[in-house]
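First comes the structure, then the notes that go with it.
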Amino acid sequence: MKTDIIISIENVTKKFKDGDGEFTALSNINLEFSKGEFAGFVGPSGSGKTTLLNIIGSLDSPTEGNALVMGKNIAGLSHKESALLRNKHIGFIFQVYNLLPVYTVFENVEFALLLQNYSASERKKRVMEALEWVGLQNMPDKKPSKLSGGEGQRVAIARAMVKRPEILIADEPTANLDAKNAHIILQMMKKLNEELDTTFLFSTHDEKVMEYLDRIVHLEDGKVVRDEVKNKVAAS
Amino acid sequence: MIKFLLKGILRDKSRSFLPIIIVTIGVSLTVMLSGYIRGAMGDITDQNARFETGHVKVVTQAYHENMDQLPIDLALLGVDSLQQVLTEKYPDVQWVKRTRFGGLIDVPDKNGETKGQGPAAGMSLQLLDDKSGEVDRLNISTSLVKGNLPAKRGETLIGDDFANNLKIEVGDEVTYVGSTMNGSMTFKNFVVSGTIRFGVAAMDRGTIILDIADVQEMLDLQDGTSEMLGYLNDGVYQDEKALELKADFNKDLNTDDEFAPMMLTLKEQNNLASYLDYVDLYSAFFVGLFVMAMSLVLWNTGLLGGLRRYQEFGIRLALGEAKNQIYKTLIFEAILIGSIGSFIGTAIGLGITFYMQYTGIDISEMLNNSTMLMPTILRSKFTPDLLYIGFIPGLFAMVIGNALSGIGIYKRETAVLFKELEV
């Protein structure tokens, strides 16, 4: 277990308006994640997995409590600051790969770097390196429509990793993949986690994913019911 | 980044080609119909001015009171000197003599017996006077169907349909039968030098055109004419200018003398006052209505175009692009697409407008039974506002549509916008 805390969730509660009343999606969550962790949130639908990932990814903010990500309190960030946090430190992988269909594989990956001020040659170097990580260095000019599901998700991983973020958030990344491709993707992510020391946070129902996770946080009704680190329970 | 986005726009036909086509069609329709409305409305005024009312008209007071009957017995007299006075006093107006009259045309056969007869609507003008500009003003040269313009006195032009009905050929001699200004009968032979079709239903029915000198002699109208028409030198009717002329001319009018000349403006004749107000009001109304309708269409196109892209915005937010940056690029794209479509649409619209202005669409067959003095060729009219009017729906509405759809980027929580990613 690594010790540099990069995500600290303190008494976080998230409520949504539900008609005239409120729906509590997260209730008094306390969690910490260190640099380089390979962890996931597991639980039934509506347990709060995606809401918690959204808060960590600075896509949403808590109703109560503090969520500190890379030392920044998510609740106090402006749109611009949260965009900057995502731009510099957080990568996302989605259930559907969400590649921009009019751009090539190379351009889809490059897009993440355009938001940072890299020169064209530096961008090219980094994009090709990222494509090499996911084994797609031979198809930079292919359009997303010509890719298989597994290849599409690998491009999405390259796009998320090309800026070398400290945190990578993956929301059900294997849900649309067959078992073989799911294992390939997970192995790839595990390898990147080890080589680049990136913290991976998953939201999943998939047992295949759970096999790879070093830490599994079980959520139910917006609460942490079990925090499992490898073969021992860390907190509950 | 801009280069990257442009690449995307060019490759994605639903973001570039299709909206440009829609904007182009919308803008060209706006420009074309705006030009047509102005042309149709203005054309009728112009036709009336050229054929009947002038920009101003001098007649006797008595003639004015009975103008619908074209009473030649109430005509102006001493018109040569009147024309000279008017020309000296109002040098920015061209003055011409016109007399309209009715009668019968008799067509003899080779034995001199009547072959056919028909009622004639006669118009006399300064046909043989090159300086009068009447031939050009009435488009007589271009309206000739057969033969030539009268080259000397004793020659006449006759309506082509009228000539066909009476089986009159160029070179035939016809006899005018009518009454003089004193009420006695008059007969005069003329040689048909050509046939004519103005494209104006009321002018093409039984028309016979003669030189004013022939008619003065024929109708005992020595040094007389029923009307003296004035045309502003720039050829365009200006109500304020016409009112100034009228006020100046009529200031010494002796109302007790029913034969004293008085001046009328175009607006005071043929109920054109209400028509011109109607033209101004309704052309503005129709143009405004059409621009608004087209704006709604293109605004909606912009709105839908923006809403359709929330998935892309979600991806870009995830990659760390700021909301205001996404909004700016959305507006930039809308300006680019709107400008391209508006330029092309305006060019097409203007092309059609110019074609309609100079060539037009002939609807004469539909107006065979019409008695109105209205054009049988539909024409548009170019006005300077056509250069920019299409940009209202094409550019502004498009940008506003995109801008409104883009507000969703701010109004939605980022995570909710992100949900748009879920298919």
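Ordering of the structure tokens sets the chain letters (A, B, ...), residue numbers begin anew at 1 in every chain, and ligands are numbered from 1 in the order given.
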*Shell around Val155 in chain A at 10 Å using only C-alpha atoms, local window under 2 positions removed, as a list in words*: Ile93, Tyr97, Asn98, Leu99, Val105, Phe106, Asn108, Val109, Ala130, Leu131, Val134, Gly135, Leu136, Pro140, Pro144, Leu147, Gly149, Gly150, Glu151, Gly152, Gln153, Ile157, Ala158, Arg159, Ala160 and Met161 of chain A
_DSSP alpha helix (DSSP H) residues within range 177-402 of chain B, listed as JSON, numbers by chain_ = {"B": [201, 202, 203, 204, 212, 213, 214, 215, 216, 217, 218, 239, 240, 241, 242, 243, 244, 245, 246, 247, 248, 249, 250, 272, 273, 274, 275, 276, 277, 278, 279, 280, 281, 282, 283, 284, 285, 286, 287, 288, 289, 290, 291, 292, 293, 294, 295, 296, 297, 298, 299, 300, 301, 302, 303, 304, 305, 306, 307, 310, 311, 312, 313, 314, 315, 316, 317, 318, 323, 324, 325, 326, 327, 328, 329, 330, 331, 332, 333, 334, 335, 336, 337, 338, 339, 340, 341, 342, 343, 344, 345, 346, 347, 348, 349, 350, 351, 352, 353, 354, 355, 356, 357, 358, 386, 387, 388, 389, 391, 398, 399, 400, 401, 402]}
*Residues of chain A near chain B: apply a cut-off of 10 Å, count only C-alpha atoms, and supply the list as a PyMOL selection string.*
chain A and resi 50-51+53-55+57-61+79-103+107+110-116+159-160+163
*asked:* Counting only C-alpha atoms, which residue out of B:Thr24, B:Ser132, B:Thr329, B:Asn66 sits closest to Leu229 in chain B?
replied: B:Ser132
_All residues 9 Å or closer to Asp80 in chain B, only C-alpha atoms, same chain fewer than 5 positions away omitted, as a list in words_ = Val85, Asp223 and Gly224 of chain B
Could you make a table, as a tab-separated table, of the residues of range 53-86 of chain A that have an atom within 10 Å of an atom of range 23-38 of chain A, each with its nearest atom pair and distance in Å to one decimal, counting only C-alpha atoms, in chain and number order?
residue	atom	partner	partner_atom	distance
A:Pro62	CA	A:Leu26	CA	8.7
A:Thr63	CA	A:Leu26	CA	9.3
A:Glu64	CA	A:Asn28	CA	8.2
A:Gly65	CA	A:Asn28	CA	7.7
A:Asn66	CA	A:Asn30	CA	9.4
A:Ala67	CA	A:Asn30	CA	9.3
A:Leu68	CA	A:Glu32	CA	9.4
A:Val69	CA	A:Phe33	CA	9.5
A:Met70	CA	A:Lys35	CA	9.9
*asked:* For the structure I just gave you, how does DSSP split range 177-419 of chain B - specifically, which residues are strand (DSSP E)? Reply as JSON, numbers by chain.
replied: {"B": [177, 178, 179, 185, 186, 187, 188, 189, 190, 191, 192, 193, 194, 195, 196, 207, 208, 209, 210, 211, 224, 225, 227, 228, 229, 230, 231, 232, 261, 262, 263, 264, 265, 361, 362, 377, 378]}
_Atom pair CA of Ala49 in chain B / CA of Leu266 in chain B: separation (Å)_ = 6.8 Å
*Report the distance between CA of Lys223 in chain A and CA of Thr198 in chain A in Å, rounded to one decimal place.*
25.8 Å
*Hey, which of A:Met139, A:Leu186, A:Ala120, A:Ala156 ends up closest to Phe200 in chain A? Count only C-alpha atoms.*
A:Leu186
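Picture a line from CA of Asp106 in chain B to CA of Val177 in chain B; it runs 7.3 Å.
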